[in-house]
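See below for my_file.pdb, which holds PDB, C-alpha atoms.
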```pdb
ATOM      1  CA  MET A   1      12.412 -41.095 -21.636
ATOM      2  CA  LYS A   2       8.816 -40.806 -22.870
ATOM      3  CA  LYS A   3       8.471 -38.799 -26.080
ATOM      4  CA  ASN A   4       4.779 -37.880 -25.869
ATOM      5  CA  VAL A   5       2.980 -36.044 -23.086
ATOM      6  CA  ILE A   6      -0.643 -35.283 -22.209
ATOM      7  CA  ILE A   7      -1.135 -32.056 -20.255
ATOM      8  CA  SER A   8      -4.081 -30.507 -18.444
ATOM      9  CA  LEU A   9      -4.718 -27.727 -15.913
ATOM     10  CA  ALA A  10      -7.150 -27.140 -13.067
ATOM     11  CA  ASP A  11      -7.820 -25.292  -9.831
ATOM     12  CA  SER A  12      -9.291 -26.853  -6.692
ATOM     13  CA  ASN A  13     -12.862 -26.530  -8.026
ATOM     14  CA  TYR A  14     -12.044 -28.675 -11.067
ATOM     15  CA  PHE A  15      -9.945 -31.228  -9.185
ATOM     16  CA  GLU A  16     -12.520 -34.036  -9.388
ATOM     17  CA  LEU A  17     -12.870 -33.600 -13.130
ATOM     18  CA  LEU A  18      -9.091 -33.440 -13.580
ATOM     19  CA  ASN A  19      -8.615 -36.540 -11.437
ATOM     20  CA  GLU A  20     -11.177 -38.400 -13.547
ATOM     21  CA  LEU A  21      -9.377 -37.316 -16.720
ATOM     22  CA  VAL A  22      -6.107 -38.702 -15.354
ATOM     23  CA  ASP A  23      -7.795 -41.959 -14.308
ATOM     24  CA  SER A  24      -9.402 -42.298 -17.742
ATOM     25  CA  ILE A  25      -5.999 -41.930 -19.414
ATOM     26  CA  LYS A  26      -4.365 -44.438 -17.098
ATOM     27  CA  SER A  27      -7.171 -46.964 -17.658
ATOM     28  CA  PHE A  28      -5.518 -47.757 -21.003
ATOM     29  CA  GLN A  29      -2.400 -49.920 -21.056
ATOM     30  CA  GLU A  30      -1.065 -47.797 -23.914
ATOM     31  CA  SER A  31      -0.770 -44.848 -21.538
ATOM     32  CA  GLU A  32       2.332 -46.414 -19.987
ATOM     33  CA  ASN A  33       4.363 -44.965 -22.858
ATOM     34  CA  THR A  34       2.857 -41.472 -22.526
ATOM     35  CA  ALA A  35       3.713 -38.958 -19.812
ATOM     36  CA  ILE A  36       0.984 -37.078 -17.944
ATOM     37  CA  CYS A  37       1.792 -33.603 -16.654
ATOM     38  CA  ILE A  38      -0.408 -31.187 -14.729
ATOM     39  CA  MET A  39      -0.394 -27.401 -14.521
ATOM     40  CA  ASP A  40      -1.525 -26.131 -11.142
ATOM     41  CA  ALA A  41      -3.794 -23.066 -11.145
ATOM     42  CA  GLY A  42      -4.961 -23.312  -7.538
ATOM     43  CA  LEU A  43      -4.995 -26.953  -6.480
ATOM     44  CA  SER A  44      -4.811 -27.671  -2.747
ATOM     45  CA  SER A  45      -1.818 -29.461  -1.212
ATOM     46  CA  ASN A  46      -3.898 -32.570  -0.638
ATOM     47  CA  GLN A  47      -5.157 -32.565  -4.218
ATOM     48  CA  LYS A  48      -1.613 -32.259  -5.552
ATOM     49  CA  SER A  49      -0.535 -35.141  -3.307
ATOM     50  CA  ILE A  50      -3.249 -37.344  -4.814
ATOM     51  CA  LEU A  51      -2.277 -36.425  -8.367
ATOM     52  CA  ALA A  52       1.466 -36.728  -7.727
ATOM     53  CA  LYS A  53       1.041 -40.486  -7.270
ATOM     54  CA  LYS A  54      -0.485 -40.799 -10.729
ATOM     55  CA  VAL A  55       1.282 -38.278 -12.975
ATOM     56  CA  ASP A  56       4.849 -37.552 -14.051
ATOM     57  CA  GLU A  57       5.063 -33.906 -13.029
ATOM     58  CA  ILE A  58       3.060 -30.997 -11.606
ATOM     59  CA  LYS A  59       4.103 -27.387 -12.141
ATOM     60  CA  PRO A  60       2.432 -24.098 -11.185
ATOM     61  CA  ALA A  61       0.890 -22.253 -14.136
ATOM     62  CA  ASP A  62       2.021 -18.677 -14.791
ATOM     63  CA  TRP A  63       0.589 -15.660 -16.545
ATOM     64  CA  ASP A  64       2.965 -16.085 -19.476
ATOM     65  CA  ILE A  65       1.539 -12.944 -21.044
ATOM     66  CA  GLU A  66       0.888 -10.017 -18.730
ATOM     67  CA  VAL A  67      -2.818  -9.502 -18.093
ATOM     68  CA  PRO A  68      -4.310  -6.617 -16.016
ATOM     69  CA  ASP A  69      -5.716  -7.564 -12.605
ATOM     70  CA  PHE A  70      -9.119  -6.085 -13.476
ATOM     71  CA  LYS A  71      -9.472  -8.747 -16.153
ATOM     72  CA  ILE A  72      -8.352 -11.597 -13.909
ATOM     73  CA  LYS A  73     -10.484 -10.736 -10.850
ATOM     74  CA  GLY A  74      -8.873 -13.513  -8.817
ATOM     75  CA  ARG A  75      -9.770 -16.215 -11.342
ATOM     76  CA  GLU A  76      -6.404 -17.946 -11.483
ATOM     77  CA  TRP A  77      -7.888 -20.814 -13.480
ATOM     78  CA  LEU A  78      -7.986 -18.419 -16.427
ATOM     79  CA  LYS A  79      -4.279 -19.104 -16.765
ATOM     80  CA  SER A  80      -5.434 -22.058 -18.853
ATOM     81  CA  GLN A  81      -6.335 -19.568 -21.586
ATOM     82  CA  VAL A  82      -2.750 -18.338 -21.685
ATOM     83  CA  SER A  83      -0.337 -20.997 -20.459
ATOM     84  CA  ARG A  84      -1.458 -23.694 -22.921
ATOM     85  CA  ALA A  85       0.228 -21.666 -25.652
ATOM     86  CA  PHE A  86       3.550 -22.140 -23.810
ATOM     87  CA  LEU A  87       3.519 -25.869 -23.012
ATOM     88  CA  PRO A  88       7.110 -26.596 -24.201
ATOM     89  CA  LYS A  89       8.338 -23.931 -21.739
ATOM     90  CA  TYR A  90       6.791 -25.786 -18.802
ATOM     91  CA  PHE A  91       7.676 -29.316 -19.861
ATOM     92  CA  PRO A  92      10.601 -29.010 -22.299
ATOM     93  CA  ASP A  93      11.688 -32.626 -22.717
ATOM     94  CA  TYR A  94       8.992 -33.978 -25.009
ATOM     95  CA  GLU A  95       8.520 -34.251 -28.763
ATOM     96  CA  LYS A  96       4.706 -34.164 -28.970
ATOM     97  CA  TYR A  97       2.284 -32.298 -26.711
ATOM     98  CA  LEU A  98      -1.381 -33.169 -26.319
ATOM     99  CA  TRP A  99      -3.558 -30.792 -24.315
ATOM    100  CA  ILE A 100      -6.892 -32.023 -22.916
ATOM    101  CA  ASP A 101      -9.189 -29.730 -20.921
ATOM    102  CA  ALA A 102      -9.856 -30.901 -17.373
ATOM    103  CA  ASP A 103     -13.599 -31.258 -18.044
ATOM    104  CA  ALA A 104     -12.999 -34.049 -20.559
ATOM    105  CA  TRP A 105     -12.180 -37.743 -20.311
ATOM    106  CA  VAL A 106     -10.768 -40.384 -22.650
ATOM    107  CA  ASN A 107     -13.181 -43.081 -23.810
ATOM    108  CA  SER A 108     -11.055 -44.565 -26.600
ATOM    109  CA  TRP A 109      -7.277 -44.549 -27.035
ATOM    110  CA  GLU A 110      -7.763 -44.338 -30.798
ATOM    111  CA  ALA A 111      -8.391 -40.604 -30.390
ATOM    112  CA  ILE A 112      -5.100 -40.152 -28.521
ATOM    113  CA  GLU A 113      -3.258 -41.938 -31.302
ATOM    114  CA  LEU A 114      -4.942 -39.764 -33.935
ATOM    115  CA  TYR A 115      -3.960 -36.552 -32.149
ATOM    116  CA  PHE A 116      -0.325 -37.603 -31.897
ATOM    117  CA  LYS A 117      -0.285 -38.915 -35.487
ATOM    118  CA  GLY A 118      -2.028 -35.790 -36.791
ATOM    119  CA  CYS A 119       0.529 -33.365 -35.392
ATOM    120  CA  GLU A 120       3.428 -34.948 -37.243
ATOM    121  CA  ASN A 121       5.307 -32.851 -39.796
ATOM    122  CA  ASN A 122       4.617 -29.606 -37.925
ATOM    123  CA  LYS A 123       0.830 -29.614 -38.118
ATOM    124  CA  LEU A 124      -1.785 -28.686 -35.553
ATOM    125  CA  SER A 125      -3.940 -31.710 -34.759
ATOM    126  CA  ILE A 126      -7.424 -30.571 -33.748
ATOM    127  CA  ALA A 127     -11.165 -31.191 -34.154
ATOM    128  CA  THR A 128     -13.851 -28.664 -35.049
ATOM    129  CA  SER A 129     -17.296 -27.797 -33.768
ATOM    130  CA  ALA A 130     -18.771 -28.554 -37.187
ATOM    131  CA  ASP A 131     -20.259 -32.025 -37.566
ATOM    132  CA  ARG A 132     -23.337 -33.698 -39.064
ATOM    133  CA  ALA A 133     -24.593 -34.486 -35.541
ATOM    134  CA  TYR A 134     -24.079 -30.973 -34.153
ATOM    135  CA  GLY A 135     -26.755 -29.267 -36.210
ATOM    136  CA  ARG A 136     -26.470 -25.501 -36.629
ATOM    137  CA  VAL A 137     -22.925 -24.135 -36.766
ATOM    138  CA  LEU A 138     -23.889 -20.506 -37.458
ATOM    139  CA  ARG A 139     -26.649 -18.287 -36.117
ATOM    140  CA  VAL A 140     -28.624 -15.943 -38.332
ATOM    141  CA  GLU A 141     -30.610 -12.857 -37.414
ATOM    142  CA  TRP A 142     -33.396 -12.258 -39.946
ATOM    143  CA  PHE A 143     -34.725  -8.780 -40.696
ATOM    144  CA  LEU A 144     -36.863  -7.053 -43.336
ATOM    145  CA  GLY A 145     -38.316 -10.362 -44.357
ATOM    146  CA  SER A 146     -35.548 -12.010 -46.342
ATOM    147  CA  PHE A 147     -32.284 -10.384 -45.292
ATOM    148  CA  ALA A 148     -29.981 -12.193 -42.895
ATOM    149  CA  ARG A 149     -27.188 -11.106 -40.587
ATOM    150  CA  ILE A 150     -24.827 -14.009 -39.936
ATOM    151  CA  LYS A 151     -23.694 -14.350 -36.330
ATOM    152  CA  SER A 152     -20.444 -16.297 -36.218
ATOM    153  CA  GLN A 153     -18.509 -17.249 -33.088
ATOM    154  CA  ASN A 154     -15.209 -16.732 -34.886
ATOM    155  CA  TYR A 155     -16.256 -13.324 -36.227
ATOM    156  CA  LYS A 156     -17.588 -12.113 -32.882
ATOM    157  CA  HIS A 157     -14.482 -13.196 -30.957
ATOM    158  CA  ALA A 158     -12.107 -11.784 -33.553
ATOM    159  CA  LYS A 159     -13.783  -8.377 -33.441
ATOM    160  CA  SER A 160     -14.050  -8.253 -29.646
ATOM    161  CA  SER A 161     -10.387  -9.275 -29.383
ATOM    162  CA  GLY A 162      -9.116  -6.331 -31.422
ATOM    163  CA  PHE A 163      -8.430  -8.000 -34.751
ATOM    164  CA  SER A 164      -9.142  -6.174 -37.998
ATOM    165  CA  GLU A 165     -12.364  -6.429 -39.951
ATOM    166  CA  LYS A 166     -10.408  -8.189 -42.701
ATOM    167  CA  ILE A 167      -9.190 -10.909 -40.330
ATOM    168  CA  ALA A 168     -12.610 -11.233 -38.675
ATOM    169  CA  ARG A 169     -14.200 -11.849 -42.064
ATOM    170  CA  GLN A 170     -11.515 -14.359 -43.034
ATOM    171  CA  VAL A 171     -12.323 -16.553 -40.042
ATOM    172  CA  ALA A 172     -16.068 -15.819 -39.880
ATOM    173  CA  LEU A 173     -17.345 -18.738 -41.959
ATOM    174  CA  LYS A 174     -14.566 -21.206 -41.205
ATOM    175  CA  PRO A 175     -15.238 -24.260 -39.012
ATOM    176  CA  HIS A 176     -14.491 -23.282 -35.422
ATOM    177  CA  LEU A 177     -11.386 -25.080 -34.145
ATOM    178  CA  ASN A 178     -11.902 -26.287 -30.570
ATOM    179  CA  ILE A 179      -8.656 -25.697 -28.680
ATOM    180  CA  GLY A 180      -9.946 -27.684 -25.685
ATOM    181  CA  VAL A 181      -8.089 -30.666 -27.139
ATOM    182  CA  PHE A 182      -5.147 -30.274 -29.518
ATOM    183  CA  ALA A 183      -1.702 -31.663 -30.270
ATOM    184  CA  LEU A 184       1.483 -29.999 -31.507
ATOM    185  CA  GLU A 185       5.097 -31.019 -31.898
ATOM    186  CA  ALA A 186       7.666 -29.144 -29.835
ATOM    187  CA  LYS A 187       9.273 -27.721 -32.969
ATOM    188  CA  ALA A 188       6.019 -26.648 -34.648
ATOM    189  CA  PRO A 189       5.901 -22.995 -35.788
ATOM    190  CA  HIS A 190       2.390 -22.635 -34.351
ATOM    191  CA  TRP A 191       3.611 -21.867 -30.826
ATOM    192  CA  LYS A 192       5.198 -18.519 -31.721
ATOM    193  CA  VAL A 193       2.407 -17.419 -34.062
ATOM    194  CA  TRP A 194      -0.231 -18.460 -31.521
ATOM    195  CA  GLN A 195       1.548 -16.476 -28.822
ATOM    196  CA  LYS A 196       1.728 -13.429 -31.126
ATOM    197  CA  ASN A 197      -2.009 -13.555 -31.800
ATOM    198  CA  LEU A 198      -2.762 -14.252 -28.155
ATOM    199  CA  LYS A 199      -0.980 -11.083 -27.051
ATOM    200  CA  ILE A 200      -3.259  -9.064 -29.347
ATOM    201  CA  ALA A 201      -6.390 -10.826 -28.099
ATOM    202  CA  LEU A 202      -5.495 -10.418 -24.419
ATOM    203  CA  LYS A 203      -4.694  -6.742 -24.829
ATOM    204  CA  ALA A 204      -8.004  -5.820 -26.449
ATOM    205  CA  GLY A 205     -10.483  -8.465 -25.334
ATOM    206  CA  LYS A 206     -11.505 -10.804 -22.545
ATOM    207  CA  ILE A 207      -9.273 -13.575 -21.250
ATOM    208  CA  TRP A 208     -11.913 -16.270 -21.778
ATOM    209  CA  GLY A 209     -11.773 -17.562 -25.343
ATOM    210  CA  SER A 210      -8.665 -15.567 -26.245
ATOM    211  CA  GLU A 211      -6.507 -18.634 -26.853
ATOM    212  CA  GLN A 212      -9.165 -20.139 -29.114
ATOM    213  CA  ILE A 213      -9.580 -17.207 -31.481
ATOM    214  CA  ALA A 214      -5.802 -16.707 -31.496
ATOM    215  CA  MET A 215      -5.286 -20.239 -32.799
ATOM    216  CA  ASN A 216      -8.163 -20.035 -35.289
ATOM    217  CA  ILE A 217      -6.491 -16.957 -36.756
ATOM    218  CA  ALA A 218      -3.113 -18.723 -36.793
ATOM    219  CA  ILE A 219      -4.611 -21.445 -38.990
ATOM    220  CA  TYR A 220      -7.043 -19.522 -41.182
ATOM    221  CA  CYS A 221      -5.172 -16.220 -41.590
ATOM    222  CA  ASP A 222      -1.505 -16.937 -40.881
ATOM    223  CA  GLY A 223      -1.800 -20.084 -42.981
ATOM    224  CA  LEU A 224      -0.259 -22.626 -40.627
ATOM    225  CA  PRO A 225      -1.004 -26.288 -41.445
ATOM    226  CA  ALA A 226      -3.613 -28.306 -39.560
ATOM    227  CA  GLU A 227      -4.904 -31.870 -39.527
ATOM    228  CA  ILE A 228      -8.659 -31.694 -38.859
ATOM    229  CA  LEU A 229      -9.807 -34.722 -36.889
ATOM    230  CA  PRO A 230     -13.335 -36.182 -36.677
ATOM    231  CA  ALA A 231     -15.699 -34.705 -34.081
ATOM    232  CA  TYR A 232     -15.640 -37.934 -32.067
ATOM    233  CA  CYS A 233     -12.062 -37.052 -31.107
ATOM    234  CA  ASN A 234     -13.366 -34.097 -29.052
ATOM    235  CA  TRP A 235     -17.094 -34.648 -28.567
ATOM    236  CA  THR A 236     -18.909 -31.706 -26.951
ATOM    237  CA  ASN A 237     -22.464 -32.401 -28.168
ATOM    238  CA  ILE A 238     -23.365 -34.379 -25.050
ATOM    239  CA  ASP A 239     -27.108 -34.296 -25.774
ATOM    240  CA  GLY A 240     -26.371 -35.958 -29.113
ATOM    241  CA  LEU A 241     -24.571 -38.992 -27.734
ATOM    242  CA  LYS A 242     -25.934 -42.502 -28.080
ATOM    243  CA  TYR A 243     -25.096 -45.655 -26.178
ATOM    244  CA  ASP A 244     -24.125 -49.000 -27.666
ATOM    245  CA  LYS A 245     -25.329 -51.732 -25.271
ATOM    246  CA  ILE A 246     -23.338 -54.499 -26.933
ATOM    247  CA  GLN A 247     -20.027 -52.649 -26.864
ATOM    248  CA  ASP A 248     -20.928 -50.895 -23.586
ATOM    249  CA  THR A 249     -19.715 -47.537 -24.820
ATOM    250  CA  LEU A 250     -20.758 -44.067 -25.952
ATOM    251  CA  VAL A 251     -21.009 -43.607 -29.715
ATOM    252  CA  GLU A 252     -21.900 -41.089 -32.423
ATOM    253  CA  PRO A 253     -25.665 -40.828 -33.052
ATOM    254  CA  TYR A 254     -25.456 -41.722 -36.761
ATOM    255  CA  LEU A 255     -24.068 -44.693 -38.632
ATOM    256  CA  PRO A 256     -21.542 -46.164 -38.336
ATOM    257  CA  ASN A 257     -21.998 -45.115 -34.675
ATOM    258  CA  HIS A 258     -18.259 -44.686 -34.186
ATOM    259  CA  LYS A 259     -17.014 -44.929 -30.633
ATOM    260  CA  ILE A 260     -16.514 -41.540 -28.982
ATOM    261  CA  GLY A 261     -12.828 -40.880 -28.372
ATOM    262  CA  ILE A 262     -12.887 -37.972 -25.906
ATOM    263  CA  VAL A 263     -16.032 -36.872 -24.045
ATOM    264  CA  HIS A 264     -15.819 -33.125 -23.365
ATOM    265  CA  PHE A 265     -18.304 -31.365 -21.060
ATOM    266  CA  ALA A 266     -17.677 -27.920 -22.526
ATOM    267  CA  GLY A 267     -20.340 -25.206 -22.500
ATOM    268  CA  LYS A 268     -22.985 -23.937 -20.095
ATOM    269  CA  ASN A 269     -25.442 -26.621 -21.220
ATOM    270  CA  ASN A 270     -23.206 -29.173 -19.492
ATOM    271  CA  ASP A 271     -22.982 -27.343 -16.151
ATOM    272  CA  GLN A 272     -25.057 -29.948 -14.319
ATOM    273  CA  ILE A 273     -22.782 -32.785 -15.388
ATOM    274  CA  ARG A 274     -19.630 -30.844 -14.537
ATOM    275  CA  ASN A 275     -20.950 -29.872 -11.120
ATOM    276  CA  ASP A 276     -22.412 -33.237 -10.113
ATOM    277  CA  LYS A 277     -20.553 -36.472 -10.706
ATOM    278  CA  ASN A 278     -23.730 -38.446 -10.019
ATOM    279  CA  PHE A 279     -25.949 -36.475 -12.387
ATOM    280  CA  ILE A 280     -28.085 -38.878 -14.416
ATOM    281  CA  SER A 281     -28.645 -38.129 -18.093
ATOM    282  CA  LYS A 282     -31.308 -39.521 -20.396
ATOM    283  CA  ILE A 283     -29.519 -41.118 -23.317
ATOM    284  CA  GLN A 284     -30.781 -42.990 -26.358
ATOM    285  CA  THR A 285     -29.353 -46.356 -27.275
ATOM    286  CA  ILE A 286     -28.595 -47.232 -30.880
ATOM    287  CA  ASP A 287     -31.575 -49.599 -30.862
ATOM    288  CA  GLY A 288     -33.970 -46.825 -29.806
ATOM    289  CA  ASP A 289     -34.328 -47.275 -26.045
ATOM    290  CA  ILE A 290     -33.989 -44.394 -23.581
ATOM    291  CA  ILE A 291     -31.851 -45.195 -20.540
ATOM    292  CA  ASP A 292     -30.591 -43.373 -17.457
ATOM    293  CA  LYS A 293     -26.812 -43.055 -17.388
ATOM    294  CA  LYS A 294     -24.064 -41.178 -15.571
ATOM    295  CA  LEU A 295     -21.751 -39.682 -18.180
ATOM    296  CA  ARG A 296     -18.764 -38.759 -16.021
ATOM    297  CA  PHE A 297     -15.805 -41.158 -16.087
ATOM    298  CA  ASN A 298     -16.100 -43.926 -13.532
ATOM    299  CA  ASN A 299     -13.568 -46.637 -12.819
TER     300      ASN A 299
END
```

Show the structure stored in the file as structure tokens.
Amino acid sequence: MKKNVIISLADSNYFELLNELVDSIKSFQESENTAICIMDAGLSSNQKSILAKKVDEIKPADWDIEVPDFKIKGREWLKSQVSRAFLPKYFPDYEKYLWIDADAWVNSWEAIELYFKGCENNKLSIATSADRAYGRVLRVEWFLGSFARIKSQNYKHAKSSGFSEKIARQVALKPHLNIGVFALEAKAPHWKVWQKNLKIALKAGKIWGSEQIAMNIAIYCDGLPAEILPAYCNWTNIDGLKYDKIQDTLVEPYLPNHKIGIVHFAGKNNDQIRNDKNFISKIQTIDGDIIDKKLRFNN
């Protein structure tokens, strides 16, 4: 029996991306010792048949926390914002759980190993959106010449999700934890605390982003332990990537130009890449050239 599992979720619109994620995982020989499980939020029968030949198990995703229909509006894929907090319920026979969003793919197995290693001893293993290559991590609104109003993603989401001013301020200036890729042990205390915070967020705020602020609060306010991994383990700054011709791989833009572990097309600025597998990006090489390159996973 495999002890570790990688899990993702998609509907029919994200099938191609999900299928590429699965193929990227299976391109590594090391993946033979890791299970792959899929949560179905609207995949077609044909799509599930294709995936069933590659993965260990497919299960339909539920609304594990009751959400009003007026918030869902038929968007069943939003179950990903809820069901990922209940992974051991869906697939109960594993020791370590690694979630990867469907719009990501694995470029280096080192990142997978770091996620599983980082979650040992009941810690959350996760990367943040704060990195030397990402530039600005907070927005500021200037007024009256020299006064500034800080605009923080954590603060905004905490307030809109019904959390107190005290909690919103506690998380406001903390590095934003990106729940698009994370790992937890089955016995970790985070699951219950995350679910508690998620119920509050879903009751008061929008579904989108609820699971992210709920986990940020679990770490920064509830005081649960976390292992913060390097940004290359969940790289979302696609415009900041560079390409190493010699190693034939995507790397960080600054020395030592570490190989990107997981490429994640999160955010509206990556819509074109998500929507078009053949979209060609302009990317700089580490020796200064500009080349045309498709950034989706390709066997």

For each of A:Gly74, A:Pro253, A:Gly42, A:Gly261, take the minimum atom-to-atom distance to A:Lys59, counting only C-alpha atoms, then give the residue where this is smallest.
-> A:Gly42

Point out the residue among A:Glu211, A:Asp287, A:Glu16, A:Glu57 with the least atom-to-atom distance to A:Ala102, counting only C-alpha atoms.
->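 Between A:Glu211, A:Asp287, A:Glu16, A:Glu57, the residue approaching A:Ala102 most closely is A:Glu16.
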
Produce a table with one row for each residue of stretch 275-299 of chain A that has an atom at most 10 Å from any atom of stretch 231-239 of chain A, each row naming the nearest atom pair and its distance in Å at one decimal; use only C-alpha atoms; arrange rows by chain and rising residue number; format as CSV.
```
residue,atom,partner,partner_atom,distance
A:Ser281,CA,A:Asp239,CA,8.7
A:Lys282,CA,A:Asp239,CA,8.6
A:Ile283,CA,A:Asp239,CA,7.6
A:Gln284,CA,A:Asp239,CA,9.5
A:Leu295,CA,A:Ile238,CA,8.8
```

Which neighbours of A:Ala127 fall inside 10 Å, counting only C-alpha atoms, when residues of the same chain fewer than 2 positions from it are skipped, and could you give them as a compact mmCIF listing (two decimals) with C-alpha atoms, in the frame of the given file?
```
# COMPACT_ATOMS: atom_id res chain seq x y z
CA TYR A 115 -3.96 -36.55 -32.15
CA LEU A 124 -1.78 -28.69 -35.55
CA SER A 125 -3.94 -31.71 -34.76
CA SER A 129 -17.30 -27.80 -33.77
CA ALA A 130 -18.77 -28.55 -37.19
CA ASP A 131 -20.26 -32.02 -37.57
CA PRO A 175 -15.24 -24.26 -39.01
CA HIS A 176 -14.49 -23.28 -35.42
CA LEU A 177 -11.39 -25.08 -34.15
CA ASN A 178 -11.90 -26.29 -30.57
CA ILE A 179 -8.66 -25.70 -28.68
CA GLY A 180 -9.95 -27.68 -25.68
CA VAL A 181 -8.09 -30.67 -27.14
CA PHE A 182 -5.15 -30.27 -29.52
CA ALA A 226 -3.61 -28.31 -39.56
CA GLU A 227 -4.90 -31.87 -39.53
CA ILE A 228 -8.66 -31.69 -38.86
CA LEU A 229 -9.81 -34.72 -36.89
CA PRO A 230 -13.34 -36.18 -36.68
CA ALA A 231 -15.70 -34.70 -34.08
CA TYR A 232 -15.64 -37.93 -32.07
CA CYS A 233 -12.06 -37.05 -31.11
CA ASN A 234 -13.37 -34.10 -29.05
CA TRP A 235 -17.09 -34.65 -28.57
```

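By all atoms listed in the file, and with residues fewer than 2 positions from A:Leu224 along its chain excluded, the set lying at most 12 Å from it is Cys119, Asn121, Asn122, Lys123, Leu124, Ser125, Leu184, Ala188, Pro189, His190, Trp191, Lys192, Val193, Trp194, Met215, Asn216, Ile217, Ala218, Ile219, Tyr220, Cys221, Asp222, Ala226 and Glu227 of chain A.
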
Atom CA of A:Ala52 to atom CA of A:Trp109: how many Å, to one decimal?
-> 22.6 Å

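Of note, atom CA of A:Ala204 and atom CA of A:Val67 are spaced 10.5 Å apart.
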
Option closest in space to A:Ser44, from A:Phe265, A:Phe15, A:Trp208, A:Phe279 [counting all atoms listed in the file] =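 Smallest separation from A:Ser44 among the options: A:Phe15.
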
Up to 10 Å from (-8.7, -37.8, -16.0) in the file's coordinates: name the residues, counting all atoms listed in the file, as a list in words.
->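 Taken together, the residues in range are Ser8, Phe15, Glu16, Leu17, Leu18, Asn19, Glu20, Leu21, Val22, Asp23, Ser24, Ile25, Lys26, Ser27, Ile36, Ile100, Asp101, Ala102, Asp103, Ala104, Trp105, Val106, Phe297 and Asn298 of chain A.
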
Restricting the output to C-alpha atoms, write the selected residues as a CSV table (one decimal), in the coordinates of the input.
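out_31.csv written:
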```csv
chain,number,residue,atom,x,y,z
A,8,SER,CA,-4.1,-30.5,-18.4
A,15,PHE,CA,-9.9,-31.2,-9.2
A,16,GLU,CA,-12.5,-34.0,-9.4
A,17,LEU,CA,-12.9,-33.6,-13.1
A,18,LEU,CA,-9.1,-33.4,-13.6
A,19,ASN,CA,-8.6,-36.5,-11.4
A,20,GLU,CA,-11.2,-38.4,-13.5
A,21,LEU,CA,-9.4,-37.3,-16.7
A,22,VAL,CA,-6.1,-38.7,-15.4
A,23,ASP,CA,-7.8,-42.0,-14.3
A,24,SER,CA,-9.4,-42.3,-17.7
A,25,ILE,CA,-6.0,-41.9,-19.4
A,26,LYS,CA,-4.4,-44.4,-17.1
A,27,SER,CA,-7.2,-47.0,-17.7
A,36,ILE,CA,1.0,-37.1,-17.9
A,100,ILE,CA,-6.9,-32.0,-22.9
A,101,ASP,CA,-9.2,-29.7,-20.9
A,102,ALA,CA,-9.9,-30.9,-17.4
A,103,ASP,CA,-13.6,-31.3,-18.0
A,104,ALA,CA,-13.0,-34.0,-20.6
A,105,TRP,CA,-12.2,-37.7,-20.3
A,106,VAL,CA,-10.8,-40.4,-22.6
A,297,PHE,CA,-15.8,-41.2,-16.1
A,298,ASN,CA,-16.1,-43.9,-13.5
```

Selected by the PyMOL selection byres ((chain A and resi 244-250) around 9) in the shown coordinates: which residues, as number ranges by chain?
-> A: 107, 241-243, 251-252, 257-261, 263, 285-287, 295

Work out how far atom CA of A:Pro68 is from atom CA of A:Lys156, in Å to one decimal.
->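 Atom CA of A:Pro68 lies 22.2 Å from atom CA of A:Lys156.
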
Identify which of the residues A:Ser108, A:Ser31, A:Asn46, A:Gln170 lies closest to A:Ile262, counting only C-alpha atoms when measuring atom-to-atom distances.
->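 Checking each of A:Ser108, A:Ser31, A:Asn46, A:Gln170 against A:Ile262, counting only C-alpha atoms, the winner is A:Ser108.
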
Nearest to A:Ser161: which of A:Pro60, A:Gly205, A:Gly135, A:Pro256 is it, counting all atoms listed in the file?
->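 Of A:Pro60, A:Gly205, A:Gly135, A:Pro256, the one nearest A:Ser161 is A:Gly205, counting all atoms listed in the file.
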
For the structure shown, which residues end up in the PyMOL selection byres ((chain A and resi 56) around 10)? Put them as a PyMOL selection string, please?
-> chain A and resi 5+34-38+51-55+57-58

Residue with smallest distance to A:Phe116 - pool A:Asp62, A:Glu95, A:Glu165, A:Asp292, counting all atoms listed in the file | A:Glu95

Using the chain letters and residue numbers of this document, give as an MDAnalysis selection string the residues selected by the PyMOL selection byres ((chain A and resi 75-81) around 7).
-> chainID A and resid 9:11 41:42 61:63 72:74 82:84 207:211

Keeping C-alpha atoms, export the residues of the selection given above as a PDB file, in the coordinates of the input.
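Output saved as out-v2.pdb:
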```pdb
ATOM      1  CA  LEU A   9      -4.718 -27.727 -15.913  1.00  0.00           C
ATOM      2  CA  ALA A  10      -7.150 -27.140 -13.067  1.00  0.00           C
ATOM      3  CA  ASP A  11      -7.820 -25.292  -9.831  1.00  0.00           C
ATOM      4  CA  ALA A  41      -3.794 -23.066 -11.145  1.00  0.00           C
ATOM      5  CA  GLY A  42      -4.961 -23.312  -7.538  1.00  0.00           C
ATOM      6  CA  ALA A  61       0.890 -22.253 -14.136  1.00  0.00           C
ATOM      7  CA  ASP A  62       2.021 -18.677 -14.791  1.00  0.00           C
ATOM      8  CA  TRP A  63       0.589 -15.660 -16.545  1.00  0.00           C
ATOM      9  CA  ILE A  72      -8.352 -11.597 -13.909  1.00  0.00           C
ATOM     10  CA  LYS A  73     -10.484 -10.736 -10.850  1.00  0.00           C
ATOM     11  CA  GLY A  74      -8.873 -13.513  -8.817  1.00  0.00           C
ATOM     12  CA  VAL A  82      -2.750 -18.338 -21.685  1.00  0.00           C
ATOM     13  CA  SER A  83      -0.337 -20.997 -20.459  1.00  0.00           C
ATOM     14  CA  ARG A  84      -1.458 -23.694 -22.921  1.00  0.00           C
ATOM     15  CA  ILE A 207      -9.273 -13.575 -21.250  1.00  0.00           C
ATOM     16  CA  TRP A 208     -11.913 -16.270 -21.778  1.00  0.00           C
ATOM     17  CA  GLY A 209     -11.773 -17.562 -25.343  1.00  0.00           C
ATOM     18  CA  SER A 210      -8.665 -15.567 -26.245  1.00  0.00           C
ATOM     19  CA  GLU A 211      -6.507 -18.634 -26.853  1.00  0.00           C
TER      20      GLU A 211
END
```
